[in-house]
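S.K.: This is the structure I want to talk about, given as structure tokens.
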Amino acid sequence: MTTIDEVARLAGVSPATVSKVLNNRPYVSAEKRALIERVIAETGFVPSQRARGLSKRRSFIFGLLIPYTSDQLFADPHLLECIRGIEDEANRHDYNMLLSTAREPAEAASASMRLL
């Protein structure tokens, strides 16, 4: 797995410059930007979501707690479609969804507290 440091080394730039390109920030010449983008494409580099989360102080994970038993959950096609839509939209914004279900209101509150 290629790291941002390896991309920087191969492109002959600093990791900060690679980061600027990845985040579409200014102050990188068109030539350097093209070179970095080429190295990224050639190496198949994919930014680490964990590293991104550390630098931005965000986990990019959110929880969805549904107070349904698994039998109820899988019996309701509309609910499953809603969950799928929520997850698709989250993924479009580079978030991951953690899904939790509960059988009773007290269990839902307990699961919610553990999740948070």
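Following the order of the structure tokens, chains are lettered A, B, ..., residues in each are numbered from 1, and ligands are numbered from 1.
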Using only C-alpha atoms, which protein or nucleic acid residues come within 12 Å of Val28 of chain A? Drop anything in the same chain fewer than 4 positions from it, and give the result as a PyMOL selection string.

M.R.: chain A and resi 13-14+16-24+32-37

S.K.: Produce a file of the selected residues containing all heavy atoms, as a CSV table (one decimal), in the first residue's frame.

M.R.:
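For reference, out15.csv as written:
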```
chain,number,residue,atom,x,y,z
A,13,VAL,N,8.7,16.0,-4.1
A,13,VAL,CA,8.1,17.1,-3.4
A,13,VAL,C,7.9,16.7,-1.9
A,13,VAL,O,8.2,15.5,-1.6
A,13,VAL,CB,6.7,17.5,-4.0
A,13,VAL,CG1,6.9,17.9,-5.4
A,13,VAL,CG2,5.7,16.3,-3.9
A,14,SER,N,7.4,17.6,-1.1
A,14,SER,CA,7.1,17.3,0.3
A,14,SER,C,5.8,16.6,0.4
A,14,SER,O,4.9,16.8,-0.4
A,14,SER,CB,7.2,18.6,1.1
A,14,SER,OG,6.1,19.3,0.8
A,16,ALA,N,3.6,17.6,2.4
A,16,ALA,CA,2.6,18.7,2.5
A,16,ALA,C,2.1,19.2,1.1
A,16,ALA,O,1.0,19.5,1.0
A,16,ALA,CB,3.3,19.9,3.2
A,17,THR,N,3.0,19.1,0.1
A,17,THR,CA,2.6,19.5,-1.2
A,17,THR,C,1.6,18.5,-1.8
A,17,THR,O,0.6,18.8,-2.4
A,17,THR,CB,3.9,19.6,-2.1
A,17,THR,OG1,4.7,20.6,-1.6
A,17,THR,CG2,3.5,20.1,-3.5
A,18,VAL,N,1.9,17.2,-1.5
A,18,VAL,CA,1.0,16.1,-1.9
A,18,VAL,C,-0.4,16.3,-1.3
A,18,VAL,O,-1.4,16.2,-1.9
A,18,VAL,CB,1.5,14.7,-1.6
A,18,VAL,CG1,0.5,13.6,-2.0
A,18,VAL,CG2,2.8,14.5,-2.4
A,19,SER,N,-0.3,16.7,0.0
A,19,SER,CA,-1.6,16.9,0.7
A,19,SER,C,-2.4,18.1,0.1
A,19,SER,O,-3.6,18.0,0.0
A,19,SER,CB,-1.3,17.2,2.2
A,19,SER,OG,-2.4,17.5,2.9
A,20,LYS,N,-1.7,19.1,-0.3
A,20,LYS,CA,-2.3,20.3,-0.9
A,20,LYS,C,-3.0,19.8,-2.2
A,20,LYS,O,-4.2,20.3,-2.5
A,20,LYS,CB,-1.3,21.4,-1.2
A,20,LYS,CG,-0.9,22.1,0.0
A,20,LYS,CD,0.1,23.2,-0.4
A,20,LYS,CE,0.7,23.8,0.9
A,20,LYS,NZ,1.8,24.7,0.6
A,21,VAL,N,-2.4,19.0,-3.0
A,21,VAL,CA,-3.0,18.5,-4.2
A,21,VAL,C,-4.2,17.6,-3.9
A,21,VAL,O,-5.3,17.8,-4.5
A,21,VAL,CB,-2.0,17.7,-5.1
A,21,VAL,CG1,-2.7,17.0,-6.2
A,21,VAL,CG2,-0.9,18.7,-5.6
A,22,LEU,N,-4.1,16.7,-2.9
A,22,LEU,CA,-5.2,15.8,-2.5
A,22,LEU,C,-6.4,16.6,-2.0
A,22,LEU,O,-7.5,16.2,-2.3
A,22,LEU,CB,-4.7,14.9,-1.5
A,22,LEU,CG,-3.7,13.8,-1.9
A,22,LEU,CD1,-3.2,13.0,-0.7
A,22,LEU,CD2,-4.4,12.8,-2.9
A,23,ASN,N,-6.1,17.7,-1.4
A,23,ASN,CA,-7.2,18.5,-0.8
A,23,ASN,C,-7.6,19.7,-1.7
A,23,ASN,O,-8.3,20.6,-1.3
A,23,ASN,CB,-6.8,19.0,0.6
A,23,ASN,CG,-6.8,17.9,1.6
A,23,ASN,OD1,-7.8,17.2,1.8
A,23,ASN,ND2,-5.6,17.6,2.1
A,24,ASN,N,-7.1,19.7,-2.9
A,24,ASN,CA,-7.4,20.7,-3.9
A,24,ASN,C,-7.1,22.1,-3.4
A,24,ASN,O,-7.9,23.0,-3.6
A,24,ASN,CB,-8.8,20.6,-4.4
A,24,ASN,CG,-9.0,21.2,-5.8
A,24,ASN,OD1,-8.0,21.3,-6.5
A,24,ASN,ND2,-10.2,21.6,-6.1
A,32,LYS,N,3.7,20.8,-11.1
A,32,LYS,CA,3.8,19.9,-9.9
A,32,LYS,C,2.5,19.2,-9.6
A,32,LYS,O,2.5,18.0,-9.3
A,32,LYS,CB,4.3,20.7,-8.7
A,32,LYS,CG,5.7,21.0,-8.6
A,32,LYS,CD,6.1,21.6,-7.3
A,32,LYS,CE,7.6,21.9,-7.3
A,32,LYS,NZ,8.1,22.5,-6.1
A,33,ARG,N,1.4,19.9,-9.7
A,33,ARG,CA,0.1,19.2,-9.5
A,33,ARG,C,-0.1,18.1,-10.5
A,33,ARG,O,-0.5,17.0,-10.1
A,33,ARG,CB,-1.0,20.3,-9.7
A,33,ARG,CG,-2.4,19.7,-9.3
A,33,ARG,CD,-3.4,20.8,-9.4
A,33,ARG,NE,-3.2,21.9,-8.4
A,33,ARG,CZ,-3.6,21.8,-7.2
A,33,ARG,NH1,-4.3,20.8,-6.7
A,33,ARG,NH2,-3.3,22.8,-6.4
A,34,ALA,N,0.3,18.3,-11.8
A,34,ALA,CA,0.1,17.2,-12.8
A,34,ALA,C,1.0,16.1,-12.5
A,34,ALA,O,0.7,14.9,-12.6
A,34,ALA,CB,0.4,17.8,-14.2
A,35,LEU,N,2.3,16.3,-12.1
A,35,LEU,CA,3.2,15.3,-11.7
A,35,LEU,C,2.7,14.5,-10.5
A,35,LEU,O,2.7,13.2,-10.6
A,35,LEU,CB,4.6,15.9,-11.4
A,35,LEU,CG,5.7,14.9,-10.8
A,35,LEU,CD1,6.0,13.9,-11.9
A,35,LEU,CD2,6.9,15.7,-10.4
A,36,ILE,N,2.3,15.1,-9.5
A,36,ILE,CA,1.8,14.4,-8.3
A,36,ILE,C,0.5,13.6,-8.7
A,36,ILE,O,0.4,12.4,-8.3
A,36,ILE,CB,1.4,15.4,-7.2
A,36,ILE,CG1,2.7,16.1,-6.7
A,36,ILE,CG2,0.7,14.8,-6.1
A,36,ILE,CD1,2.5,17.3,-5.8
A,37,GLU,N,-0.4,14.1,-9.5
A,37,GLU,CA,-1.5,13.4,-9.9
A,37,GLU,C,-1.2,12.2,-10.7
A,37,GLU,O,-1.8,11.1,-10.6
A,37,GLU,CB,-2.5,14.3,-10.6
A,37,GLU,CG,-3.2,15.3,-9.7
A,37,GLU,CD,-4.0,16.3,-10.5
A,37,GLU,OE1,-3.8,16.5,-11.7
A,37,GLU,OE2,-4.8,17.1,-9.8
```

S.K.: So what do you get for atom CA of Ala30 of chain A versus atom CA of Ser48 of chain A, distance-wise?

M.R.: 24.5 Å

S.K.: What is the atom CA of Gly44 of chain A-atom CA of Glu6 of chain A distance in Å, reported with one decimal?

M.R.: 11.5 Å

S.K.: Just the residues within 12 Å of His93 of chain A, please, counting only C-alpha atoms, with nothing from its chain fewer than 3 positions along; format it as a list in words.

M.R.: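 Surrounding residues, per the criterion: Gln49, Phe60, Ile61, Phe62, Ile86, Glu87, Asp88, Glu89, Ala90, Asn96 and Met97 of chain A.
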